[in-house]
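Asks: My questions all concern the structure below.
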Amino acid sequence: MRPAMPGDGAFLADMVVEAANWRAGSTRPRPTVLSDPVHRSYIAGWQRPADHGVVAVDAGSHAIGAAWYRLFSPESIVHGFVASGVPELIIGVSPLWRSQGVGRALLRALTDAARGNGYARLALSVERDNFASALYRSEGFAVIRSAGGRETMVRSLR
Ligand SMILES: CC(C)(COP(=O)(O)OP(=O)(O)OC[C@H]1O[C@@H](n2cnc3c(N)ncnc32)[C@H](O)[C@@H]1OP(=O)(O)O)[C@@H](O)C(=O)NCCC(=O)NCCS
């Protein structure tokens with residue numbers, strides 16, 4: 001695990017594409033996903049001063065997964081805005097590396113980093129039928145909003 005760096009933008013974009021295509025059989029092409037304003041919001045201009053992320057790497061130092069957070073405003077076109085000062089988390093693991101504990105480890109590392117950076121809460125958005133929803137619950141996130149098949153979840157870091 002290492003901190004995300006400015007040069008990780010393309011890999012983070014890959015993870016946004018993976019998250020958008022999480023459903024079995026979904027193969028939206030990368031340009032289609034990244035031209036969506038919501039998806040673009042999660043990576044455009046990476047790495048801004050308040051952006052923070054962690055990258056999981058394999059034995060050859062190749063990135064295999066990432067989790068990061070960004071601060072948004074009420075005007076931002078995103079799924080999981082809760083309040084100013086509450087960052088939204090985004091996570092993805094490369095297909096070959098899933099279901100081996102990488103996602104949970106990324107989630108824990110990013111939560112620790114957010115706490116260390118003084119945030120009181122962390123938010124995220126997930127489609128209700130994604131198993132990741134159960135992962136987030138097991139890591140202390142609770143649903144605060146449910147609409148249109150999506151859940152907005154928040155975890156207190158205090
Ligand atoms: C969601 C994701 C980040 C989770 O990372 P991961 O490395 O696969 O997850 P982990 O191996 O850490 O598993 C975490 C928990 O989820 C469960 N889990 C993992 N894969 C699962 C699957 N295919 N179906 C159901 N549960 C699963 C595990 O049982 C595990 O719980 P446990 O520790 O009690 O065994 C990753 O699978 C992913 O990138 N998926 C596609 C994109 C996506 O959906 N992103 C999230 C959008 S909000």
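Identifiers in the structure tokens: chain A, B, ... in order shown; residue index from 1 per chain; ligand index from 1 in order shown.
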With 10 Å as the cut-off and only C-alpha atoms and all ligand atoms counted, what is the closest atom pair between each nearby residue of chain A and ligand 1? Distances in Å to one decimal, ordered by chain and number, as JSON lines.
Replies:
{"residue": "A:Met15", "atom": "CA", "partner": "ligand 1", "partner_atom_place_in_ligand_line": "39 (O)", "distance": 7.1}
{"residue": "A:Val16", "atom": "CA", "partner": "ligand 1", "partner_atom_place_in_ligand_line": "42 (C)", "distance": 7.8}
{"residue": "A:Val17", "atom": "CA", "partner": "ligand 1", "partner_atom_place_in_ligand_line": "42 (C)", "distance": 8.2}
{"residue": "A:Glu18", "atom": "CA", "partner": "ligand 1", "partner_atom_place_in_ligand_line": "42 (C)", "distance": 5.0}
{"residue": "A:Ala19", "atom": "CA", "partner": "ligand 1", "partner_atom_place_in_ligand_line": "42 (C)", "distance": 3.5}
{"residue": "A:Ala20", "atom": "CA", "partner": "ligand 1", "partner_atom_place_in_ligand_line": "42 (C)", "distance": 6.9}
{"residue": "A:Asn21", "atom": "CA", "partner": "ligand 1", "partner_atom_place_in_ligand_line": "42 (C)", "distance": 6.8}
{"residue": "A:Trp22", "atom": "CA", "partner": "ligand 1", "partner_atom_place_in_ligand_line": "41 (C)", "distance": 4.4}
{"residue": "A:Arg23", "atom": "CA", "partner": "ligand 1", "partner_atom_place_in_ligand_line": "44 (O)", "distance": 7.5}
{"residue": "A:Ala24", "atom": "CA", "partner": "ligand 1", "partner_atom_place_in_ligand_line": "41 (C)", "distance": 9.6}
{"residue": "A:Ile64", "atom": "CA", "partner": "ligand 1", "partner_atom_place_in_ligand_line": "7 (O)", "distance": 9.5}
{"residue": "A:Gly65", "atom": "CA", "partner": "ligand 1", "partner_atom_place_in_ligand_line": "39 (O)", "distance": 7.4}
{"residue": "A:Ala66", "atom": "CA", "partner": "ligand 1", "partner_atom_place_in_ligand_line": "3 (C)", "distance": 8.3}
{"residue": "A:Ala67", "atom": "CA", "partner": "ligand 1", "partner_atom_place_in_ligand_line": "3 (C)", "distance": 8.2}
{"residue": "A:Leu89", "atom": "CA", "partner": "ligand 1", "partner_atom_place_in_ligand_line": "48 (S)", "distance": 8.7}
{"residue": "A:Ile90", "atom": "CA", "partner": "ligand 1", "partner_atom_place_in_ligand_line": "48 (S)", "distance": 6.7}
{"residue": "A:Ile91", "atom": "CA", "partner": "ligand 1", "partner_atom_place_in_ligand_line": "3 (C)", "distance": 5.3}
{"residue": "A:Gly92", "atom": "CA", "partner": "ligand 1", "partner_atom_place_in_ligand_line": "39 (O)", "distance": 3.5}
{"residue": "A:Val93", "atom": "CA", "partner": "ligand 1", "partner_atom_place_in_ligand_line": "39 (O)", "distance": 3.8}
{"residue": "A:Ser94", "atom": "CA", "partner": "ligand 1", "partner_atom_place_in_ligand_line": "39 (O)", "distance": 6.2}
{"residue": "A:Pro95", "atom": "CA", "partner": "ligand 1", "partner_atom_place_in_ligand_line": "39 (O)", "distance": 6.9}
{"residue": "A:Leu96", "atom": "CA", "partner": "ligand 1", "partner_atom_place_in_ligand_line": "8 (O)", "distance": 9.2}
{"residue": "A:Trp97", "atom": "CA", "partner": "ligand 1", "partner_atom_place_in_ligand_line": "7 (O)", "distance": 6.4}
{"residue": "A:Arg98", "atom": "CA", "partner": "ligand 1", "partner_atom_place_in_ligand_line": "8 (O)", "distance": 3.5}
{"residue": "A:Ser99", "atom": "CA", "partner": "ligand 1", "partner_atom_place_in_ligand_line": "11 (O)", "distance": 3.1}
{"residue": "A:Gln100", "atom": "CA", "partner": "ligand 1", "partner_atom_place_in_ligand_line": "11 (O)", "distance": 3.9}
{"residue": "A:Gly101", "atom": "CA", "partner": "ligand 1", "partner_atom_place_in_ligand_line": "12 (O)", "distance": 3.3}
{"residue": "A:Val102", "atom": "CA", "partner": "ligand 1", "partner_atom_place_in_ligand_line": "7 (O)", "distance": 3.9}
{"residue": "A:Gly103", "atom": "CA", "partner": "ligand 1", "partner_atom_place_in_ligand_line": "5 (O)", "distance": 3.3}
{"residue": "A:Arg104", "atom": "CA", "partner": "ligand 1", "partner_atom_place_in_ligand_line": "12 (O)", "distance": 3.7}
{"residue": "A:Ala105", "atom": "CA", "partner": "ligand 1", "partner_atom_place_in_ligand_line": "12 (O)", "distance": 6.3}
{"residue": "A:Leu106", "atom": "CA", "partner": "ligand 1", "partner_atom_place_in_ligand_line": "12 (O)", "distance": 7.9}
{"residue": "A:Leu107", "atom": "CA", "partner": "ligand 1", "partner_atom_place_in_ligand_line": "12 (O)", "distance": 8.3}
{"residue": "A:Arg108", "atom": "CA", "partner": "ligand 1", "partner_atom_place_in_ligand_line": "12 (O)", "distance": 9.9}
{"residue": "A:Leu124", "atom": "CA", "partner": "ligand 1", "partner_atom_place_in_ligand_line": "48 (S)", "distance": 7.3}
{"residue": "A:Ser125", "atom": "CA", "partner": "ligand 1", "partner_atom_place_in_ligand_line": "48 (S)", "distance": 5.9}
{"residue": "A:Val126", "atom": "CA", "partner": "ligand 1", "partner_atom_place_in_ligand_line": "48 (S)", "distance": 4.2}
{"residue": "A:Glu127", "atom": "CA", "partner": "ligand 1", "partner_atom_place_in_ligand_line": "48 (S)", "distance": 6.7}
{"residue": "A:Arg128", "atom": "CA", "partner": "ligand 1", "partner_atom_place_in_ligand_line": "48 (S)", "distance": 9.4}
{"residue": "A:Asp129", "atom": "CA", "partner": "ligand 1", "partner_atom_place_in_ligand_line": "44 (O)", "distance": 9.9}
{"residue": "A:Asn130", "atom": "CA", "partner": "ligand 1", "partner_atom_place_in_ligand_line": "44 (O)", "distance": 6.3}
{"residue": "A:Phe131", "atom": "CA", "partner": "ligand 1", "partner_atom_place_in_ligand_line": "25 (C)", "distance": 5.0}
{"residue": "A:Ala132", "atom": "CA", "partner": "ligand 1", "partner_atom_place_in_ligand_line": "1 (C)", "distance": 4.6}
{"residue": "A:Ser133", "atom": "CA", "partner": "ligand 1", "partner_atom_place_in_ligand_line": "48 (S)", "distance": 7.4}
{"residue": "A:Ala134", "atom": "CA", "partner": "ligand 1", "partner_atom_place_in_ligand_line": "16 (O)", "distance": 7.0}
{"residue": "A:Leu135", "atom": "CA", "partner": "ligand 1", "partner_atom_place_in_ligand_line": "15 (C)", "distance": 4.9}
{"residue": "A:Tyr136", "atom": "CA", "partner": "ligand 1", "partner_atom_place_in_ligand_line": "15 (C)", "distance": 8.5}
{"residue": "A:Ser138", "atom": "CA", "partner": "ligand 1", "partner_atom_place_in_ligand_line": "34 (O)", "distance": 8.0}
{"residue": "A:Glu139", "atom": "CA", "partner": "ligand 1", "partner_atom_place_in_ligand_line": "14 (C)", "distance": 9.6}
{"residue": "A:Arg150", "atom": "CA", "partner": "ligand 1", "partner_atom_place_in_ligand_line": "48 (S)", "distance": 9.5}
{"residue": "A:Glu151", "atom": "CA", "partner": "ligand 1", "partner_atom_place_in_ligand_line": "48 (S)", "distance": 9.4}
{"residue": "A:Thr152", "atom": "CA", "partner": "ligand 1", "partner_atom_place_in_ligand_line": "48 (S)", "distance": 9.9}
Asks: So that I can check the secondary structure, give me every residue of chain A assigned strand (DSSP E or B) by backbone DSSP, as a PyMOL selection string.
Replies: chain A and resi 2-3+52-57+63-70+88-93+121-127+142-147+150-156
Asks: When distances are computed from only C-alpha atoms, which of A:Ser84, A:His79, A:Ser26, A:Met5 shows the smallest separation from Arg48 in chain A?
Replies: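 Among the listed residues, A:Met5 lies closest to Arg48 in chain A.
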Asks: What's the 7 Å shell around Glu88 in chain A, counting only C-alpha atoms, without same-chain residues fewer than 2 positions away, as a list in words?
Replies: Tyr69, Arg70, Leu71, Gly80, Phe81, Val86, Ile90, Leu122, Ala123 and Leu124 of chain A
Asks: For the residues in that selection, give me all heavy atoms as a PDB file, in the first residue's frame.
Replies:
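Resulting contents of selection.pdb:
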ATOM      1  N   TYR A  69     -10.356   9.967  -1.700  1.00  0.00           N
ATOM      2  CA  TYR A  69     -11.476  10.851  -1.396  1.00  0.00           C
ATOM      3  C   TYR A  69     -11.223  12.236  -1.955  1.00  0.00           C
ATOM      4  O   TYR A  69     -10.081  12.650  -2.154  1.00  0.00           O
ATOM      5  CB  TYR A  69     -11.795  10.896   0.102  1.00  0.00           C
ATOM      6  CG  TYR A  69     -10.711  11.405   1.017  1.00  0.00           C
ATOM      7  CD1 TYR A  69     -10.323  12.744   1.026  1.00  0.00           C
ATOM      8  CD2 TYR A  69     -10.103  10.548   1.931  1.00  0.00           C
ATOM      9  CE1 TYR A  69      -9.353  13.208   1.899  1.00  0.00           C
ATOM     10  CE2 TYR A  69      -9.122  11.003   2.804  1.00  0.00           C
ATOM     11  CZ  TYR A  69      -8.759  12.339   2.789  1.00  0.00           C
ATOM     12  OH  TYR A  69      -7.795  12.803   3.641  1.00  0.00           O
ATOM     13  N   ARG A  70     -12.336  12.913  -2.221  1.00  0.00           N
ATOM     14  CA  ARG A  70     -12.305  14.283  -2.722  1.00  0.00           C
ATOM     15  C   ARG A  70     -13.376  15.076  -2.000  1.00  0.00           C
ATOM     16  O   ARG A  70     -14.415  14.520  -1.619  1.00  0.00           O
ATOM     17  CB  ARG A  70     -12.681  14.366  -4.210  1.00  0.00           C
ATOM     18  CG  ARG A  70     -11.824  13.633  -5.138  1.00  0.00           C
ATOM     19  CD  ARG A  70     -12.011  14.095  -6.574  1.00  0.00           C
ATOM     20  NE  ARG A  70     -10.829  14.841  -6.970  1.00  0.00           N
ATOM     21  CZ  ARG A  70     -10.587  15.261  -8.203  1.00  0.00           C
ATOM     22  NH1 ARG A  70     -11.484  15.069  -9.146  1.00  0.00           N
ATOM     23  NH2 ARG A  70      -9.478  15.902  -8.491  1.00  0.00           N
ATOM     24  N   LEU A  71     -13.113  16.361  -1.892  1.00  0.00           N
ATOM     25  CA  LEU A  71     -14.117  17.259  -1.318  1.00  0.00           C
ATOM     26  C   LEU A  71     -14.947  17.844  -2.450  1.00  0.00           C
ATOM     27  O   LEU A  71     -14.403  18.233  -3.488  1.00  0.00           O
ATOM     28  CB  LEU A  71     -13.428  18.391  -0.566  1.00  0.00           C
ATOM     29  CG  LEU A  71     -12.910  18.050   0.822  1.00  0.00           C
ATOM     30  CD1 LEU A  71     -12.081  19.209   1.351  1.00  0.00           C
ATOM     31  CD2 LEU A  71     -14.058  17.724   1.775  1.00  0.00           C
ATOM     32  N   GLY A  80     -22.565  11.179  -4.117  1.00  0.00           N
ATOM     33  CA  GLY A  80     -22.574  11.019  -2.660  1.00  0.00           C
ATOM     34  C   GLY A  80     -22.302  12.276  -1.860  1.00  0.00           C
ATOM     35  O   GLY A  80     -21.737  12.182  -0.771  1.00  0.00           O
ATOM     36  N   PHE A  81     -22.735  13.449  -2.369  1.00  0.00           N
ATOM     37  CA  PHE A  81     -22.480  14.664  -1.592  1.00  0.00           C
ATOM     38  C   PHE A  81     -23.366  14.673  -0.339  1.00  0.00           C
ATOM     39  O   PHE A  81     -24.574  14.444  -0.409  1.00  0.00           O
ATOM     40  CB  PHE A  81     -22.755  15.923  -2.416  1.00  0.00           C
ATOM     41  CG  PHE A  81     -22.496  17.176  -1.632  1.00  0.00           C
ATOM     42  CD1 PHE A  81     -21.197  17.634  -1.431  1.00  0.00           C
ATOM     43  CD2 PHE A  81     -23.545  17.878  -1.038  1.00  0.00           C
ATOM     44  CE1 PHE A  81     -20.945  18.773  -0.678  1.00  0.00           C
ATOM     45  CE2 PHE A  81     -23.297  19.018  -0.288  1.00  0.00           C
ATOM     46  CZ  PHE A  81     -21.996  19.462  -0.106  1.00  0.00           C
ATOM     47  N   VAL A  86     -17.235  17.154   4.097  1.00  0.00           N
ATOM     48  CA  VAL A  86     -17.318  15.693   4.233  1.00  0.00           C
ATOM     49  C   VAL A  86     -16.859  15.086   2.914  1.00  0.00           C
ATOM     50  O   VAL A  86     -17.584  15.142   1.916  1.00  0.00           O
ATOM     51  CB  VAL A  86     -18.746  15.212   4.564  1.00  0.00           C
ATOM     52  CG1 VAL A  86     -18.777  13.691   4.691  1.00  0.00           C
ATOM     53  CG2 VAL A  86     -19.253  15.872   5.828  1.00  0.00           C
ATOM     54  N   ILE A  90     -14.112   6.966  -3.129  1.00  0.00           N
ATOM     55  CA  ILE A  90     -14.278   6.168  -4.351  1.00  0.00           C
ATOM     56  C   ILE A  90     -13.283   5.005  -4.233  1.00  0.00           C
ATOM     57  O   ILE A  90     -12.146   5.201  -3.777  1.00  0.00           O
ATOM     58  CB  ILE A  90     -13.976   6.993  -5.617  1.00  0.00           C
ATOM     59  CG1 ILE A  90     -14.828   8.254  -5.652  1.00  0.00           C
ATOM     60  CG2 ILE A  90     -14.209   6.167  -6.883  1.00  0.00           C
ATOM     61  CD1 ILE A  90     -14.146   9.502  -5.202  1.00  0.00           C
ATOM     62  N   LEU A 122     -16.840  10.501   6.601  1.00  0.00           N
ATOM     63  CA  LEU A 122     -16.479  10.114   5.243  1.00  0.00           C
ATOM     64  C   LEU A 122     -17.764   9.590   4.593  1.00  0.00           C
ATOM     65  O   LEU A 122     -18.514   8.838   5.230  1.00  0.00           O
ATOM     66  CB  LEU A 122     -15.416   9.019   5.319  1.00  0.00           C
ATOM     67  CG  LEU A 122     -14.546   8.700   4.112  1.00  0.00           C
ATOM     68  CD1 LEU A 122     -13.873   9.952   3.553  1.00  0.00           C
ATOM     69  CD2 LEU A 122     -13.473   7.686   4.526  1.00  0.00           C
ATOM     70  N   ALA A 123     -18.002   9.994   3.343  1.00  0.00           N
ATOM     71  CA  ALA A 123     -19.235   9.583   2.662  1.00  0.00           C
ATOM     72  C   ALA A 123     -18.910   8.740   1.434  1.00  0.00           C
ATOM     73  O   ALA A 123     -17.776   8.747   0.934  1.00  0.00           O
ATOM     74  CB  ALA A 123     -20.024  10.820   2.243  1.00  0.00           C
ATOM     75  N   LEU A 124     -19.897   8.022   0.944  1.00  0.00           N
ATOM     76  CA  LEU A 124     -19.753   7.285  -0.322  1.00  0.00           C
ATOM     77  C   LEU A 124     -21.140   7.009  -0.883  1.00  0.00           C
ATOM     78  O   LEU A 124     -22.143   7.147  -0.189  1.00  0.00           O
ATOM     79  CB  LEU A 124     -18.970   5.984  -0.117  1.00  0.00           C
ATOM     80  CG  LEU A 124     -19.516   4.919   0.834  1.00  0.00           C
ATOM     81  CD1 LEU A 124     -20.585   4.054   0.166  1.00  0.00           C
ATOM     82  CD2 LEU A 124     -18.394   4.025   1.316  1.00  0.00           C
TER      83      LEU A 124
END
Asks: Pick from A:Tyr119, A:Trp68, A:Phe11, A:Phe141: nearest to Arg30 in chain A, with only C-alpha atoms counted?
Replies: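 When distances to Arg30 in chain A are compared using only C-alpha atoms, the smallest one comes from A:Phe11.
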Asks: Determine, counting only C-alpha atoms, which protein, DNA and RNA residues have an atom within 9 Å of an atom of Asp8 in chain A; residues of the same chain fewer than 6 positions away are not included. Present the result as number ranges by chain.
Replies: A: 46-47, 55, 63
Asks: Just write the chosen residues, C-alpha atoms, as a PDB file, in the first residue's frame.
Replies:
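Produced file selection_33.pdb, reproduced below:
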ATOM      1  CA  TRP A  46      -6.252  14.734 -10.052  1.00  0.00           C
ATOM      2  CA  GLN A  47      -4.419  15.486  -7.749  1.00  0.00           C
ATOM      3  CA  VAL A  55      -2.931   2.590  -3.966  1.00  0.00           C
ATOM      4  CA  ALA A  63      -1.149  -0.772  -9.096  1.00  0.00           C
TER       5      ALA A  63
END
Asks: What is the distance, in Å and to one decimal place, between CA of Gly45 in chain A and CA of Phe72 in chain A?
Replies: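 Computing the Euclidean distance for CA of Gly45 in chain A and CA of Phe72 in chain A yields 13.1 Å.
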